[in-house]
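As stored in coords-v6.cif (mmCIF, C-alpha atoms and all ligand atoms):
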data_start
#
loop_
_atom_site.group_PDB
_atom_site.id
_atom_site.type_symbol
_atom_site.label_atom_id
_atom_site.label_comp_id
_atom_site.auth_asym_id
_atom_site.auth_seq_id
_atom_site.Cartn_x
_atom_site.Cartn_y
_atom_site.Cartn_z
ATOM 1 C CA MET A 29 -40.629 108.141 4.226
ATOM 2 C CA ILE A 30 -40.281 110.103 1.002
ATOM 3 C CA GLU A 31 -43.345 109.416 -1.147
ATOM 4 C CA GLU A 32 -43.143 112.041 -3.827
ATOM 5 C CA LYS A 33 -40.806 112.312 -6.792
ATOM 6 C CA GLY A 34 -38.035 114.899 -6.560
ATOM 7 C CA ILE A 35 -38.047 118.145 -8.539
ATOM 8 C CA LEU A 36 -35.720 118.782 -11.468
ATOM 9 C CA PHE A 37 -34.148 122.258 -11.419
ATOM 10 C CA ILE A 38 -32.309 123.556 -14.478
ATOM 11 C CA LEU A 39 -29.993 126.565 -14.288
ATOM 12 C CA SER A 40 -29.062 127.940 -17.680
ATOM 13 C CA GLY A 41 -28.121 131.169 -19.426
ATOM 14 C CA PRO A 42 -25.506 132.663 -21.743
ATOM 15 C CA SER A 43 -21.836 131.804 -21.549
ATOM 16 C CA GLY A 44 -19.993 133.954 -19.024
ATOM 17 C CA VAL A 45 -23.094 135.030 -17.104
ATOM 18 C CA GLY A 46 -21.866 133.155 -14.014
ATOM 19 C CA LYS A 47 -23.695 129.789 -14.073
ATOM 20 C CA GLY A 48 -20.699 127.824 -12.778
ATOM 21 C CA THR A 49 -19.895 130.402 -10.118
ATOM 22 C CA VAL A 50 -23.493 130.575 -8.860
ATOM 23 C CA ARG A 51 -23.890 126.780 -8.881
ATOM 24 C CA LYS A 52 -20.696 126.321 -6.829
ATOM 25 C CA GLU A 53 -21.852 128.879 -4.244
ATOM 26 C CA LEU A 54 -25.287 127.216 -4.063
ATOM 27 C CA PHE A 55 -23.675 123.851 -3.308
ATOM 28 C CA ASP A 56 -21.230 125.424 -0.824
ATOM 29 C CA ARG A 57 -24.282 126.441 1.189
ATOM 30 C CA LYS A 58 -26.221 123.693 2.950
ATOM 31 C CA THR A 59 -28.444 121.980 0.398
ATOM 32 C CA ASP A 60 -30.321 118.738 -0.126
ATOM 33 C CA LEU A 61 -30.047 119.087 -3.909
ATOM 34 C CA LYS A 62 -28.223 116.413 -5.902
ATOM 35 C CA TYR A 63 -25.966 117.808 -8.598
ATOM 36 C CA SER A 64 -25.979 115.854 -11.835
ATOM 37 C CA ILE A 65 -22.361 115.534 -12.972
ATOM 38 C CA SER A 66 -22.198 115.948 -16.740
ATOM 39 C CA MET A 67 -20.241 114.042 -19.352
ATOM 40 C CA THR A 68 -17.843 116.001 -21.536
ATOM 41 C CA THR A 69 -15.193 115.495 -24.190
ATOM 42 C CA ARG A 70 -13.276 118.618 -23.189
ATOM 43 C CA ASP A 71 -9.847 118.280 -21.586
ATOM 44 C CA MET A 72 -9.619 118.122 -17.825
ATOM 45 C CA ARG A 73 -8.409 121.453 -16.394
ATOM 46 C CA PRO A 74 -5.833 121.649 -13.582
ATOM 47 C CA GLY A 75 -7.559 121.019 -10.255
ATOM 48 C CA GLU A 76 -10.490 119.134 -11.807
ATOM 49 C CA GLN A 77 -11.268 115.503 -11.035
ATOM 50 C CA ASN A 78 -12.965 112.818 -13.091
ATOM 51 C CA GLY A 79 -16.332 111.994 -11.509
ATOM 52 C CA ILE A 80 -16.421 115.205 -9.485
ATOM 53 C CA ASP A 81 -16.350 118.048 -11.990
ATOM 54 C CA TYR A 82 -17.286 115.989 -15.038
ATOM 55 C CA PHE A 83 -17.059 112.465 -16.377
ATOM 56 C CA TYR A 84 -14.382 112.902 -19.055
ATOM 57 C CA LYS A 85 -15.011 110.899 -22.248
ATOM 58 C CA SER A 86 -13.411 110.486 -25.649
ATOM 59 C CA ASN A 87 -15.363 111.512 -28.760
ATOM 60 C CA GLU A 88 -16.038 107.858 -29.569
ATOM 61 C CA GLU A 89 -17.288 107.111 -26.062
ATOM 62 C CA PHE A 90 -19.549 110.160 -26.095
ATOM 63 C CA GLU A 91 -21.022 109.341 -29.505
ATOM 64 C CA SER A 92 -21.704 105.808 -28.352
ATOM 65 C CA LEU A 93 -23.609 107.221 -25.322
ATOM 66 C CA ILE A 94 -25.691 109.313 -27.740
ATOM 67 C CA GLU A 95 -26.468 106.259 -29.875
ATOM 68 C CA GLN A 96 -27.494 104.225 -26.848
ATOM 69 C CA ASN A 97 -29.871 107.030 -25.783
ATOM 70 C CA LYS A 98 -28.041 107.325 -22.455
ATOM 71 C CA LEU A 99 -28.142 111.123 -22.441
ATOM 72 C CA LEU A 100 -31.129 113.180 -21.393
ATOM 73 C CA GLU A 101 -29.748 116.010 -23.519
ATOM 74 C CA TYR A 102 -26.458 116.954 -25.087
ATOM 75 C CA ALA A 103 -24.953 119.840 -26.992
ATOM 76 C CA LYS A 104 -21.764 120.778 -28.747
ATOM 77 C CA PHE A 105 -20.185 123.803 -27.147
ATOM 78 C CA VAL A 106 -16.879 125.258 -28.422
ATOM 79 C CA ASN A 107 -16.092 122.032 -30.306
ATOM 80 C CA ASN A 108 -16.705 119.770 -27.327
ATOM 81 C CA TYR A 109 -19.666 117.627 -26.371
ATOM 82 C CA TYR A 110 -21.468 118.113 -23.056
ATOM 83 C CA GLY A 111 -24.355 115.939 -21.895
ATOM 84 C CA THR A 112 -26.509 114.910 -18.943
ATOM 85 C CA PRO A 113 -26.645 111.226 -17.933
ATOM 86 C CA ARG A 114 -30.276 110.106 -18.243
ATOM 87 C CA GLU A 115 -30.232 107.245 -15.758
ATOM 88 C CA TYR A 116 -28.764 109.242 -12.850
ATOM 89 C CA VAL A 117 -31.351 111.987 -13.269
ATOM 90 C CA GLU A 118 -34.370 109.687 -13.646
ATOM 91 C CA GLN A 119 -33.341 107.352 -10.812
ATOM 92 C CA THR A 120 -32.466 110.151 -8.383
ATOM 93 C CA LEU A 121 -35.795 111.908 -9.026
ATOM 94 C CA ALA A 122 -37.644 108.597 -8.608
ATOM 95 C CA ASP A 123 -35.850 108.112 -5.259
ATOM 96 C CA GLY A 124 -37.426 111.393 -4.143
ATOM 97 C CA TYR A 125 -34.426 113.726 -4.373
ATOM 98 C CA ASP A 126 -34.274 117.057 -6.171
ATOM 99 C CA VAL A 127 -31.776 117.141 -9.015
ATOM 100 C CA PHE A 128 -29.934 120.251 -10.188
ATOM 101 C CA LEU A 129 -28.552 120.709 -13.707
ATOM 102 C CA GLU A 130 -26.245 123.549 -14.746
ATOM 103 C CA ILE A 131 -26.182 123.472 -18.549
ATOM 104 C CA GLU A 132 -26.039 125.745 -21.583
ATOM 105 C CA VAL A 133 -29.151 126.954 -23.390
ATOM 106 C CA GLN A 134 -29.456 124.410 -26.251
ATOM 107 C CA GLY A 135 -29.369 121.556 -23.740
ATOM 108 C CA ALA A 136 -31.905 123.256 -21.468
ATOM 109 C CA LEU A 137 -34.382 123.471 -24.367
ATOM 110 C CA GLN A 138 -34.007 119.726 -24.974
ATOM 111 C CA VAL A 139 -34.659 119.002 -21.293
ATOM 112 C CA LYS A 140 -37.795 121.129 -21.517
ATOM 113 C CA GLU A 141 -39.134 118.793 -24.235
ATOM 114 C CA ASN A 142 -38.580 115.683 -22.081
ATOM 115 C CA PHE A 143 -39.299 117.203 -18.666
ATOM 116 C CA PRO A 144 -41.801 120.036 -19.112
ATOM 117 C CA GLU A 145 -42.498 119.780 -15.351
ATOM 118 C CA GLY A 146 -38.886 120.785 -14.586
ATOM 119 C CA VAL A 147 -38.212 124.205 -13.074
ATOM 120 C CA PHE A 148 -36.248 126.293 -15.564
ATOM 121 C CA ILE A 149 -34.174 129.188 -14.233
ATOM 122 C CA PHE A 150 -32.513 131.652 -16.608
ATOM 123 C CA LEU A 151 -29.473 133.436 -15.220
ATOM 124 C CA PHE A 152 -29.475 136.911 -16.701
ATOM 125 C CA PRO A 153 -26.554 139.357 -17.008
ATOM 126 C CA PRO A 154 -26.902 142.844 -15.478
ATOM 127 C CA SER A 155 -26.059 144.168 -18.996
ATOM 128 C CA LEU A 156 -24.366 143.000 -22.209
ATOM 129 C CA GLU A 157 -21.440 145.257 -21.315
ATOM 130 C CA GLU A 158 -21.013 143.462 -17.990
ATOM 131 C CA LEU A 159 -21.374 140.083 -19.723
ATOM 132 C CA LYS A 160 -18.540 141.066 -22.052
ATOM 133 C CA ASN A 161 -16.387 142.176 -19.096
ATOM 134 C CA ARG A 162 -16.934 138.836 -17.366
ATOM 135 C CA ILE A 163 -15.941 136.840 -20.447
ATOM 136 C CA VAL A 164 -12.885 139.066 -21.003
ATOM 137 C CA ASN A 165 -11.829 138.889 -17.338
ATOM 138 C CA ARG A 166 -12.207 135.124 -17.207
ATOM 139 C CA GLY A 167 -9.466 135.102 -19.841
ATOM 140 C CA THR A 168 -10.416 131.772 -21.396
ATOM 141 C CA GLU A 169 -11.416 133.081 -24.839
ATOM 142 C CA SER A 170 -9.839 134.890 -27.796
ATOM 143 C CA GLU A 171 -11.151 138.271 -29.048
ATOM 144 C CA GLU A 172 -13.001 136.571 -31.931
ATOM 145 C CA LEU A 173 -14.632 133.977 -29.687
ATOM 146 C CA ILE A 174 -15.746 136.706 -27.284
ATOM 147 C CA LEU A 175 -17.644 138.454 -30.096
ATOM 148 C CA ASN A 176 -19.222 135.125 -31.082
ATOM 149 C CA ARG A 177 -20.250 134.514 -27.483
ATOM 150 C CA LEU A 178 -21.928 137.915 -27.279
ATOM 151 C CA LYS A 179 -23.840 137.311 -30.531
ATOM 152 C CA GLU A 180 -24.934 133.929 -29.171
ATOM 153 C CA ALA A 181 -25.932 135.561 -25.892
ATOM 154 C CA ARG A 182 -28.302 137.924 -27.732
ATOM 155 C CA LYS A 183 -30.028 134.948 -29.389
ATOM 156 C CA GLU A 184 -30.160 133.021 -26.114
ATOM 157 C CA ILE A 185 -31.718 135.934 -24.263
ATOM 158 C CA GLU A 186 -34.515 135.898 -26.850
ATOM 159 C CA LEU A 187 -35.345 132.362 -25.674
ATOM 160 C CA MET A 188 -35.840 133.535 -22.103
ATOM 161 C CA ASP A 189 -39.649 133.238 -22.336
ATOM 162 C CA ALA A 190 -39.384 129.442 -22.257
ATOM 163 C CA TYR A 191 -38.137 129.669 -18.640
ATOM 164 C CA ASP A 192 -40.122 129.742 -15.409
ATOM 165 C CA TYR A 193 -37.840 132.211 -13.616
ATOM 166 C CA VAL A 194 -35.272 134.864 -14.481
ATOM 167 C CA VAL A 195 -32.558 135.657 -11.941
ATOM 168 C CA VAL A 196 -30.229 138.605 -12.548
ATOM 169 C CA ASN A 197 -26.674 137.715 -11.559
ATOM 170 C CA ASP A 198 -25.696 141.172 -10.316
ATOM 171 C CA ASP A 199 -24.101 139.773 -7.188
ATOM 172 C CA VAL A 200 -23.384 136.070 -6.586
ATOM 173 C CA ASP A 201 -24.797 136.008 -3.040
ATOM 174 C CA ASN A 202 -28.022 137.715 -4.166
ATOM 175 C CA ALA A 203 -28.461 135.394 -7.116
ATOM 176 C CA VAL A 204 -27.934 132.273 -4.964
ATOM 177 C CA THR A 205 -30.379 133.509 -2.319
ATOM 178 C CA LYS A 206 -33.002 134.051 -5.023
ATOM 179 C CA ILE A 207 -32.436 130.543 -6.383
ATOM 180 C CA GLN A 208 -32.853 129.114 -2.864
ATOM 181 C CA SER A 209 -36.171 130.999 -2.604
ATOM 182 C CA ILE A 210 -37.309 129.552 -5.933
ATOM 183 C CA ILE A 211 -36.502 126.043 -4.676
ATOM 184 C CA GLN A 212 -38.505 126.633 -1.474
ATOM 185 C CA SER A 213 -41.457 128.087 -3.390
ATOM 186 C CA GLU A 214 -41.569 125.137 -5.750
ATOM 187 C CA HIS A 215 -41.711 122.784 -2.771
ATOM 188 C CA CYS A 216 -44.583 124.733 -1.242
ATOM 189 C CA LYS A 217 -46.390 124.647 -4.589
ATOM 190 C CA ARG A 218 -46.081 120.866 -4.819
ATOM 191 C CA GLU A 219 -47.054 120.358 -1.209
ATOM 192 C CA ARG A 220 -50.363 122.027 -2.112
ATOM 193 C CA ILE A 221 -51.129 119.142 -4.473
ATOM 194 C CA ALA A 222 -49.353 116.333 -2.605
ATOM 195 C CA LYS A 223 -51.666 113.555 -1.418
ATOM 196 C CA GLN A 224 -49.903 113.224 1.924
ATOM 197 C CA TYR A 225 -50.997 116.755 2.906
ATOM 198 C CA LYS A 226 -54.575 116.252 1.756
ATOM 199 C CA LYS A 227 -54.833 113.330 4.194
ATOM 200 C CA ILE A 228 -55.245 115.858 6.993
ATOM 201 C CA LEU A 229 -58.863 116.280 5.822
ATOM 202 C CA GLU A 230 -59.466 112.649 6.771
ATOM 203 C CA ASP A 231 -58.794 113.414 10.462
ATOM 204 C CA ASP A 232 -62.134 112.930 12.142
ATOM 205 C CA ILE A 233 -61.831 115.264 15.124
ATOM 206 C CA LEU A 234 -65.025 117.312 14.760
HETATM 207 N N1 LIG A 301 -25.944 121.058 -22.642
HETATM 208 C C1 LIG A 301 -25.099 120.878 -21.648
HETATM 209 N N2 LIG A 301 -24.272 121.880 -21.256
HETATM 210 C C2 LIG A 301 -23.439 121.644 -20.223
HETATM 211 C C3 LIG A 301 -23.404 120.429 -19.527
HETATM 212 N N3 LIG A 301 -22.468 120.514 -18.536
HETATM 213 C C4 LIG A 301 -21.940 121.743 -18.609
HETATM 214 N N4 LIG A 301 -22.520 122.442 -19.617
HETATM 215 C C5 LIG A 301 -22.260 123.830 -20.039
HETATM 216 O O1 LIG A 301 -21.140 123.836 -20.892
HETATM 217 C C6 LIG A 301 -20.527 125.120 -20.848
HETATM 218 C C7 LIG A 301 -19.021 124.988 -20.754
HETATM 219 O O2 LIG A 301 -18.657 124.446 -19.519
HETATM 220 P P1 LIG A 301 -17.133 124.346 -19.067
HETATM 221 O O3 LIG A 301 -16.324 123.694 -20.143
HETATM 222 O O4 LIG A 301 -17.094 123.712 -17.721
HETATM 223 O O5 LIG A 301 -16.611 125.838 -19.043
HETATM 224 P P2 LIG A 301 -17.060 127.158 -18.267
HETATM 225 O O6 LIG A 301 -17.442 128.076 -19.396
HETATM 226 O O7 LIG A 301 -15.846 127.548 -17.491
HETATM 227 O O8 LIG A 301 -18.232 126.829 -17.376
HETATM 228 C C8 LIG A 301 -21.170 125.852 -19.664
HETATM 229 O O9 LIG A 301 -22.129 126.775 -20.215
HETATM 230 C C9 LIG A 301 -21.872 124.755 -18.910
HETATM 231 O O10 LIG A 301 -23.039 125.258 -18.263
HETATM 232 C C10 LIG A 301 -24.307 119.399 -19.946
HETATM 233 O O11 LIG A 301 -24.380 118.289 -19.416
HETATM 234 N N5 LIG A 301 -25.116 119.680 -21.006
HETATM 235 N N1 LIG A 302 -22.123 138.189 -9.872
HETATM 236 C C1 LIG A 302 -20.913 138.299 -10.416
HETATM 237 N N2 LIG A 302 -20.248 139.465 -10.370
HETATM 238 C C2 LIG A 302 -19.029 139.588 -10.947
HETATM 239 N N3 LIG A 302 -18.367 138.604 -11.590
HETATM 240 C C3 LIG A 302 -18.997 137.411 -11.685
HETATM 241 C C4 LIG A 302 -20.284 137.187 -11.099
HETATM 242 N N4 LIG A 302 -20.650 135.903 -11.346
HETATM 243 C C5 LIG A 302 -19.624 135.341 -12.046
HETATM 244 N N5 LIG A 302 -18.631 136.237 -12.247
HETATM 245 C C6 LIG A 302 -17.359 136.036 -12.989
HETATM 246 O O1 LIG A 302 -17.722 135.967 -14.380
HETATM 247 C C7 LIG A 302 -16.901 135.025 -15.075
HETATM 248 C C8 LIG A 302 -17.801 133.989 -15.764
HETATM 249 O O2 LIG A 302 -18.403 133.156 -14.763
HETATM 250 P P1 LIG A 302 -18.671 131.590 -15.013
HETATM 251 O O3 LIG A 302 -19.249 131.058 -13.728
HETATM 252 O O4 LIG A 302 -17.459 130.938 -15.589
HETATM 253 O O5 LIG A 302 -19.824 131.689 -16.151
HETATM 254 P P2 LIG A 302 -20.584 130.555 -16.999
HETATM 255 O O6 LIG A 302 -20.468 129.268 -16.213
HETATM 256 O O7 LIG A 302 -22.002 131.060 -17.112
HETATM 257 O O8 LIG A 302 -19.907 130.510 -18.329
HETATM 258 C C9 LIG A 302 -15.960 134.417 -14.026
HETATM 259 O O9 LIG A 302 -14.705 135.063 -14.107
HETATM 260 C C10 LIG A 302 -16.665 134.724 -12.700
HETATM 261 O O10 LIG A 302 -15.737 134.846 -11.639
#
Would you kindly transcribe this structure into structure tokens?
Ligand SMILES: Nc1nc2c(ncn2[C@@H]2O[C@H](COP(=O)(O)OP(=O)(O)O)[C@@H](O)[C@H]2O)c(=O)[nH]1
Ligand SMILES: Nc1ncnc2c1ncn2[C@@H]1O[C@H](COP(=O)(O)OP(=O)(O)O)[C@@H](O)[C@H]1O
Amino acid sequence: MIEEKGILFILSGPSGVGKGTVRKELFDRKTDLKYSISMTTRDMRPGEQNGIDYFYKSNEEFESLIEQNKLLEYAKFVNNYYGTPREYVEQTLADGYDVFLEIEVQGALQVKENFPEGVFIFLFPPSLEELKNRIVNRGTESEELILNRLKEARKEIELMDAYDYVVVNDDVDNAVTKIQSIIQSEHCKRERIAKQYKKILEDDIL
């Protein structure tokens, strides 16, 4: 029986660093983590599915969710809202499962206020030059937006100290393996304080 609450893991970092790519590879490997599917007002891209990639909402629907306090955090990113459903996260943790969020930096800071016990992982670019290359190669942004993203990235990197771990995304496989190690370490850390393990001291064999 699972007695303990699950652990909340938050992967964040500047736009274009590879958060989505790393998260997909992590979930392609065998994992017991539960991914929290976000709400967004952005258009569905070809190949995406409602309820799998995101829950797609209108502006009005999203703002009503904000008013009803149904979001654990939310942020506006490139003119669209993105947010994490509060109930799914709280219920899944209470059921004893680990929950994984992949969100941008403003949202991660809000989660930190509500869930200081969460494990915050900052995905770090090998260099600003490489970050720029990744944004350019992804081909989703105009020249002007790319410059804005890089300026934002500088500010976001300054907030790195609020995180528990920094993982350099030099190579996707390496970065995912490091994140898996972080997850294992956090479990070992909590097992140290978990009551069920302390019960061993009650064994009266001596
Ligand atoms: N704050 C916040 N950010 C989110 C959430 N879901 C996704 N994001 C971030 O929103 C940004 C844009 O995501 P998306 O539109 O899928 O485009 P991408 O740049 O191709 O990943 C990424 O940095 C995501 O990490 C969420 O629930 N809350
Ligand atoms: N380790 C890596 N090495 C090289 N390219 C990468 C790496 N990780 C991600 N990318 C590429 O960088 C671009 C941005 O990645 P993406 O996952 O969309 O970033 P984010 O979700 O942080 O905005 C994509 O084109 C992706 O294929």
**Message:** Give me, as a VMD selection string, all polymer residues having an atom no more than 10 Å from segment 111-124 of chain A, counting all atoms listed in the file and skipping those fewer than 4 positions away in the same chain.
**Reply:** chain A and resid 29 to 36 62 to 69 82 to 83 90 93 to 94 97 to 104 128 to 132 135 139
Resulting file, chosen residues, C-alpha atoms, as a PDB file, in the coordinates of the input:
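Final file, out_18.pdb:
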ATOM      1  CA  MET A  29     -40.629 108.141   4.226  1.00  0.00           C
ATOM      2  CA  ILE A  30     -40.281 110.103   1.002  1.00  0.00           C
ATOM      3  CA  GLU A  31     -43.345 109.416  -1.147  1.00  0.00           C
ATOM      4  CA  GLU A  32     -43.143 112.041  -3.827  1.00  0.00           C
ATOM      5  CA  LYS A  33     -40.806 112.312  -6.792  1.00  0.00           C
ATOM      6  CA  GLY A  34     -38.035 114.899  -6.560  1.00  0.00           C
ATOM      7  CA  ILE A  35     -38.047 118.145  -8.539  1.00  0.00           C
ATOM      8  CA  LEU A  36     -35.720 118.782 -11.468  1.00  0.00           C
ATOM      9  CA  LYS A  62     -28.223 116.413  -5.902  1.00  0.00           C
ATOM     10  CA  TYR A  63     -25.966 117.808  -8.598  1.00  0.00           C
ATOM     11  CA  SER A  64     -25.979 115.854 -11.835  1.00  0.00           C
ATOM     12  CA  ILE A  65     -22.361 115.534 -12.972  1.00  0.00           C
ATOM     13  CA  SER A  66     -22.198 115.948 -16.740  1.00  0.00           C
ATOM     14  CA  MET A  67     -20.241 114.042 -19.352  1.00  0.00           C
ATOM     15  CA  THR A  68     -17.843 116.001 -21.536  1.00  0.00           C
ATOM     16  CA  THR A  69     -15.193 115.495 -24.190  1.00  0.00           C
ATOM     17  CA  TYR A  82     -17.286 115.989 -15.038  1.00  0.00           C
ATOM     18  CA  PHE A  83     -17.059 112.465 -16.377  1.00  0.00           C
ATOM     19  CA  PHE A  90     -19.549 110.160 -26.095  1.00  0.00           C
ATOM     20  CA  LEU A  93     -23.609 107.221 -25.322  1.00  0.00           C
ATOM     21  CA  ILE A  94     -25.691 109.313 -27.740  1.00  0.00           C
ATOM     22  CA  ASN A  97     -29.871 107.030 -25.783  1.00  0.00           C
ATOM     23  CA  LYS A  98     -28.041 107.325 -22.455  1.00  0.00           C
ATOM     24  CA  LEU A  99     -28.142 111.123 -22.441  1.00  0.00           C
ATOM     25  CA  LEU A 100     -31.129 113.180 -21.393  1.00  0.00           C
ATOM     26  CA  GLU A 101     -29.748 116.010 -23.519  1.00  0.00           C
ATOM     27  CA  TYR A 102     -26.458 116.954 -25.087  1.00  0.00           C
ATOM     28  CA  ALA A 103     -24.953 119.840 -26.992  1.00  0.00           C
ATOM     29  CA  LYS A 104     -21.764 120.778 -28.747  1.00  0.00           C
ATOM     30  CA  PHE A 128     -29.934 120.251 -10.188  1.00  0.00           C
ATOM     31  CA  LEU A 129     -28.552 120.709 -13.707  1.00  0.00           C
ATOM     32  CA  GLU A 130     -26.245 123.549 -14.746  1.00  0.00           C
ATOM     33  CA  ILE A 131     -26.182 123.472 -18.549  1.00  0.00           C
ATOM     34  CA  GLU A 132     -26.039 125.745 -21.583  1.00  0.00           C
ATOM     35  CA  GLY A 135     -29.369 121.556 -23.740  1.00  0.00           C
ATOM     36  CA  VAL A 139     -34.659 119.002 -21.293  1.00  0.00           C
TER      37      VAL A 139
END
**Request:** Tell me, as a list in words, which residues lie within 9 Å of Ile185 of chain A, counting only C-alpha atoms; anything in the same chain fewer than 2 positions away does not count.
**Result:** Gly41, Pro42, Phe150, Phe152, Glu180, Ala181, Arg182, Lys183, Leu187, Met188 and Asp189 of chain A
Those residues with C-alpha atoms, as a tab-separated table (two decimals), in the coordinates of the input please?
chain	number	residue	atom	x	y	z
A	41	GLY	CA	-28.12	131.17	-19.43
A	42	PRO	CA	-25.51	132.66	-21.74
A	150	PHE	CA	-32.51	131.65	-16.61
A	152	PHE	CA	-29.48	136.91	-16.70
A	180	GLU	CA	-24.93	133.93	-29.17
A	181	ALA	CA	-25.93	135.56	-25.89
A	182	ARG	CA	-28.30	137.92	-27.73
A	183	LYS	CA	-30.03	134.95	-29.39
A	187	LEU	CA	-35.34	132.36	-25.67
A	188	MET	CA	-35.84	133.54	-22.10
A	189	ASP	CA	-39.65	133.24	-22.34
**Item:** Using all atoms listed in the file: which of A:Asp60, A:Glu95, A:Asp232, A:Asp198 has the shortest distance to ligand LIG 302 (chain A)
**Value:** A:Asp198
**Request:** Mind checking which residues fall within 12 Å of Lys58 of chain A, counting all atoms listed in the file, ignoring those fewer than 3 positions away in the same chain, and posting them as a count of residues only?
**Result:** 9
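Neighbouring residues of segment 155-172 of chain A at 8 Å or closer, counting only C-alpha atoms and skipping chain neighbours under 6 positions away, are Ser43, Gly44, Val45 and Leu178 of chain A.
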**Selected residue of minimal separation from ligand LIG 302 (chain A) among A:Lys226, A:Arg177, A:Arg218, A:Lys140, counting all atoms listed in the file** =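 The closest residue to ligand LIG 302 (chain A) is A:Arg177.
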**Item:** Nearest-residue call for ligand LIG 302 (chain A), choices A:Glu219, A:Asp231, A:Asp71, A:Asp201, using all atoms listed in the file
**Value:** A:Asp201
**Request:** Considering only C-alpha atoms and all ligand atoms, state which residue in the set A:Glu76, A:Glu230, A:Asp199, A:Glu141 is at the smallest distance from ligand LIG 302 (chain A).
**Result:** A:Asp199
If the box runs along x, y and z of the file and leaves 3 Å on each side of ligand LIG 302 (chain A), what are its centre and edge lengths in Å, one decimal, as AutoDock Vina command-line options?
--center_x -18.4 --center_y 134.4 --center_z -14.1 --size_x 13.4 --size_y 16.3 --size_z 14.5
**Request:** Counting all atoms listed in the file, figure out which residue out of A:Ser92, A:Gly48, A:Ile207, A:Ile38 gets nearest to ligand LIG 301 (chain A).
**Result:**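 Using all atoms listed in the file, the shortest distance to ligand LIG 301 (chain A) belongs to A:Gly48.
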**Message:** My list of candidates is A:Val133, A:Ile80, A:Leu151, A:Met72. Which is closest to Ala203 of chain A when distances are computed with only C-alpha atoms?
**Reply:** A:Leu151
**Asked** What gap, in Å, lies between atom C9 of ligand LIG 302 (chain A) and atom CA of Pro154 of chain A?
**Response**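 Distance reported for this atom pair: 13.9 Å.
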**Asked** Interatomic distance between atom CA of Asn107 of chain A and atom CA of Ala190 of chain A?
**Response** 25.7 Å
**Request:** Pull out every residue that the PyMOL selection byres (((chain A and resi 147) around 6) and not hetatm) matches in the shown coordinates and put them as a VMD selection string.
**Result:** chain A and resid 37 146 148
**Prompt:** Any idea what the distance is between atom C3 of ligand LIG 302 (chain A) and atom CA of Tyr191 of chain A?
**Reply:**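 Interatomic distance here is 21.8 Å.
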